[in-house]
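Novice: Here you go, one structure.
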Amino acid sequence: MIKIHFLNVGHGDCTIIEHANRNITMIDINNGSGIDDDSFKHIVETLAPERCAALMIKHAAGYDEDTLLAEAGYDIQLANPVAYFKEAFPGRSIFRYIQSHPDCDHLRGLVGLNDEGISITNFWDTTHTKKLDPEKTFECDLAEWKEYNRLRKGDACTVLRLNRGDNGVYYNQDPAGVNGGNGLHILSPTPELTAEYDKDGKRNNLSYVISYHYGGRKVIFGGDAEQPAWDSIYAAKGKNLKCDVLKASHHGRDNGFHEEAVKAMNPSVTIVSVGKKPETDASNKYRKHSGAVWSTRWYGTMTLTITQDGEMAWEAEKVRA
């Protein structure tokens, strides 16, 4: 049996996989600090339109945000991945951390893991030349960026930079005598995508896209991959992309939606990890080819259990129709 935790981290990503052999994979991390003003307004407008103006005035005046959201009927909490990990997996380490790509809303929390003594054995990184401008501290906490670069140098863990089709013990091979094949198959990037999109700075297209196989089921994690990466994936895999669950690319934005690929995947559930609703939200496009679209904004942290026989069971903080 395996369990996948889709954490509600606001605008960002963090997924934790408990593998059948007890290995733990974490894909990205983001310590959400609170609900932004636009998200607050969207929530109260949706749930309590008749009290929206009064609640917005109280919010602007500094009233406790959780109390105001509860008044509106919203009781979903952001998850701090470090605290969540400590509670769910006390004393455990991360066997595999996958940094989908070097955007700060996907790596904010690496310092917290280190501070709490949560070690990483294997660190998946992408090949890139991105540098952080020290003057633009709004981009990312400099301490987080430094910790990311410490890890990717390989001084504290084994670093892997993998491409589509790569095979290896522990992530997708399980040869005799080695209990470690975790069913992780790389759909993207490729050396060609890396060369082209690192050069022009469009590094979302360097993002890992992972197809996870267990019990005859398939879950695809889209990272922040945009149209060019999905063009490449679809050209290579086509109808073989069929999956049961999709974690939507780029927080459900339109530029992460690829009509042909999503149609081929045809998931029963699409998960959107998002805080503020994107202006180019593609949820309705995903609904054309998905049995359901669930946003962490409305469902909170979700967990999916898959048995060895392929039985799937979901749990969520709050299900919204």
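Labeling convention for the structure tokens: chains A, B, ... as they appear, residues from 1 per chain, ligands from 1 in order of appearance.
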Could you name the residues that touch range 42-48 of chain A at 12 Å or less, counting only C-alpha atoms, but leaving out those on the same chain fewer than 4 positions away, as a ChimeraX atom specification?
Specialist: /A:35-38,52-57,59,65-66,68-76,275-278,297-298,320
Novice: Would you mind exporting the chosen residues as a compact mmCIF listing (two decimals), in the first residue's frame, restricted to N, CA and C atoms?
Specialist:
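Result went into part30.txt, see below:
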```txt
# COMPACT_ATOMS: atom_id res chain seq x y z
N ILE A 35 -3.09 33.26 3.88
CA ILE A 35 -3.90 33.46 2.68
C ILE A 35 -3.76 34.91 2.24
N ASP A 36 -3.44 35.12 0.97
CA ASP A 36 -3.27 36.48 0.47
C ASP A 36 -4.62 37.19 0.41
N ASP A 37 -4.57 38.51 0.26
CA ASP A 37 -5.79 39.32 0.30
C ASP A 37 -6.78 38.95 -0.79
N ASP A 38 -6.26 38.70 -1.99
CA ASP A 38 -7.16 38.35 -3.11
C ASP A 38 -7.86 37.02 -2.85
N CYS A 52 -19.75 39.83 2.81
CA CYS A 52 -18.42 40.06 2.24
C CYS A 52 -17.87 41.44 2.62
N ALA A 53 -18.66 42.48 2.43
CA ALA A 53 -18.18 43.84 2.68
C ALA A 53 -17.73 44.00 4.14
N ALA A 54 -18.56 43.51 5.09
CA ALA A 54 -18.23 43.64 6.50
C ALA A 54 -16.96 42.86 6.85
N LEU A 55 -16.84 41.66 6.29
CA LEU A 55 -15.66 40.85 6.58
C LEU A 55 -14.40 41.46 5.98
N MET A 56 -14.51 42.06 4.81
CA MET A 56 -13.36 42.71 4.18
C MET A 56 -12.90 43.90 5.02
N ILE A 57 -13.86 44.65 5.57
CA ILE A 57 -13.50 45.79 6.41
C ILE A 57 -12.76 45.31 7.66
N HIS A 59 -11.10 42.54 7.95
CA HIS A 59 -9.80 42.01 7.51
C HIS A 59 -8.80 43.14 7.34
N GLU A 65 -7.50 36.57 10.96
CA GLU A 65 -7.94 36.05 9.67
C GLU A 65 -8.67 34.72 9.79
N ASP A 66 -8.16 33.82 10.61
CA ASP A 66 -8.81 32.51 10.76
C ASP A 66 -10.23 32.65 11.32
N LEU A 68 -12.22 35.28 10.94
CA LEU A 68 -13.07 35.84 9.89
C LEU A 68 -13.43 34.78 8.86
N LEU A 69 -12.46 33.94 8.50
CA LEU A 69 -12.75 32.87 7.54
C LEU A 69 -13.75 31.88 8.12
N ALA A 70 -13.61 31.59 9.41
CA ALA A 70 -14.56 30.69 10.05
C ALA A 70 -15.97 31.28 10.03
N GLU A 71 -16.08 32.60 10.21
CA GLU A 71 -17.38 33.27 10.12
C GLU A 71 -17.99 33.08 8.73
N ALA A 72 -17.13 33.04 7.73
CA ALA A 72 -17.62 32.86 6.36
C ALA A 72 -17.91 31.40 6.04
N GLY A 73 -17.55 30.49 6.96
CA GLY A 73 -17.79 29.07 6.74
C GLY A 73 -16.62 28.33 6.15
N TYR A 74 -15.41 28.91 6.28
CA TYR A 74 -14.21 28.31 5.70
C TYR A 74 -13.30 27.88 6.83
N ASP A 75 -13.04 26.56 6.94
CA ASP A 75 -12.24 26.06 8.06
C ASP A 75 -11.04 25.25 7.60
N ILE A 76 -10.56 25.53 6.41
CA ILE A 76 -9.40 24.82 5.88
C ILE A 76 -8.12 25.57 6.26
N GLY A 275 -3.23 28.83 -4.13
CA GLY A 275 -3.78 29.71 -3.11
C GLY A 275 -4.70 30.69 -3.80
N LYS A 276 -4.13 31.79 -4.26
CA LYS A 276 -4.89 32.75 -5.05
C LYS A 276 -5.30 32.13 -6.38
N LYS A 277 -6.55 32.29 -6.75
CA LYS A 277 -7.02 31.75 -8.03
C LYS A 277 -6.31 32.48 -9.16
N PRO A 278 -5.62 31.76 -10.05
CA PRO A 278 -4.92 32.44 -11.15
C PRO A 278 -5.88 33.16 -12.09
N ARG A 297 -7.41 24.92 -2.50
CA ARG A 297 -8.07 26.10 -1.92
C ARG A 297 -9.39 25.71 -1.28
N TRP A 298 -10.10 24.74 -1.89
CA TRP A 298 -11.42 24.34 -1.40
C TRP A 298 -11.42 22.98 -0.70
N ARG A 320 -15.91 20.26 -1.31
CA ARG A 320 -16.83 21.30 -1.80
C ARG A 320 -17.36 20.87 -3.15
```
Novice: Out of range 220-258 of chain A, which residues get helix (DSSP H, G or I) from DSSP, as a PyMOL selection string?
Specialist: chain A and resi 227-241+249-252+254-256
Novice: Tell me which of A:Tyr171, A:Trp124, A:Phe221, A:Phe257 sits closest to Cys243 in chain A, counting only C-alpha atoms.
Specialist: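 Using only C-alpha atoms, Cys243 in chain A sits closest to A:Phe221.
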Novice: Excluding range 85-92 of chain A and residues on its chain fewer than 2 positions from it, collect all residues at most 9 Å away from it, counting only C-alpha atoms, and give them as a ChimeraX atom specification.
Specialist: /A:16,24,80-83,94,116,118-119
Novice: Write to file, as a JSON list (two decimals), in the first residue's frame, the residues of the selection just made, with N, CA and C atoms.
Specialist:
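Contents of part.json, as written:
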```json
[["chain", "number", "residue", "atom", "x", "y", "z"],
["A", 16, "ILE", "N", 3.95, 14.59, -0.75],
["A", 16, "ILE", "CA", 4.74, 13.57, -0.06],
["A", 16, "ILE", "C", 4.18, 12.20, -0.41],
["A", 24, "ILE", "N", 10.38, 7.47, 1.57],
["A", 24, "ILE", "CA", 9.55, 8.66, 1.49],
["A", 24, "ILE", "C", 10.11, 9.58, 0.41],
["A", 80, "ASN", "N", 1.99, 23.60, 6.97],
["A", 80, "ASN", "CA", 3.42, 23.85, 6.94],
["A", 80, "ASN", "C", 4.10, 22.50, 6.70],
["A", 81, "PRO", "N", 4.76, 22.30, 5.55],
["A", 81, "PRO", "CA", 5.29, 20.97, 5.23],
["A", 81, "PRO", "C", 6.27, 20.41, 6.26],
["A", 82, "VAL", "N", 7.06, 21.28, 6.87],
["A", 82, "VAL", "CA", 8.04, 20.79, 7.84],
["A", 82, "VAL", "C", 7.31, 20.26, 9.08],
["A", 83, "ALA", "N", 6.36, 21.04, 9.59],
["A", 83, "ALA", "CA", 5.59, 20.58, 10.75],
["A", 83, "ALA", "C", 4.76, 19.35, 10.40],
["A", 94, "ILE", "N", 13.95, 11.90, 4.65],
["A", 94, "ILE", "CA", 13.42, 11.92, 3.28],
["A", 94, "ILE", "C", 14.38, 11.14, 2.40],
["A", 116, "GLU", "N", 15.34, 21.42, 11.34],
["A", 116, "GLU", "CA", 14.69, 20.40, 12.16],
["A", 116, "GLU", "C", 15.39, 19.05, 12.08],
["A", 118, "ILE", "N", 15.82, 17.10, 9.51],
["A", 118, "ILE", "CA", 15.20, 16.14, 8.58],
["A", 118, "ILE", "C", 16.14, 15.99, 7.39],
["A", 119, "SER", "N", 16.83, 14.89, 7.34],
["A", 119, "SER", "CA", 17.87, 14.72, 6.32],
["A", 119, "SER", "C", 17.28, 14.23, 5.00]]
```
Novice: For Asn205 in chain A, which residue among A:Ser39, A:Gln308, A:Ser188, A:Thr296 is the nearest when counting only C-alpha atoms?
Specialist: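 That would be A:Ser188, the residue with the smallest distance to Asn205 in chain A.
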Novice: Could you produce a table of the residues of range 54-111 of chain A lying within 12 Å of range 189-198 of chain A, with the nearest pair of atoms per residue and their separation in Å rounded to one decimal, using only C-alpha atoms, ordered by chain and increasing residue number, as a tab-separated table?
Specialist:
```
residue	atom	partner	partner_atom	distance
A:Ser100	CA	A:Pro189	CA	9.7
A:His101	CA	A:Pro189	CA	10.1
A:Pro102	CA	A:Asp198	CA	11.0
```
Novice: Please, could you write that set of residues out with C-alpha atoms as a PDB file, in the first residue's frame?
Specialist:
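So the final result, stored in out-v1.pdb, reads:
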```pdb
ATOM      1  CA  SER A 100      10.858  20.058  -9.832  1.00  0.00           C
ATOM      2  CA  HIS A 101      12.560  23.298 -10.915  1.00  0.00           C
ATOM      3  CA  PRO A 102      14.264  26.261  -9.203  1.00  0.00           C
TER       4      PRO A 102
END
```
Novice: Based on the backbone DSSP call, show me all residues of range 11-201 of chain A assigned strand (DSSP E or B), as a PyMOL selection string.
Specialist: chain A and resi 15-18+24-27+29-30+94-98+107-108+120-124+158-160+169+173+184-188
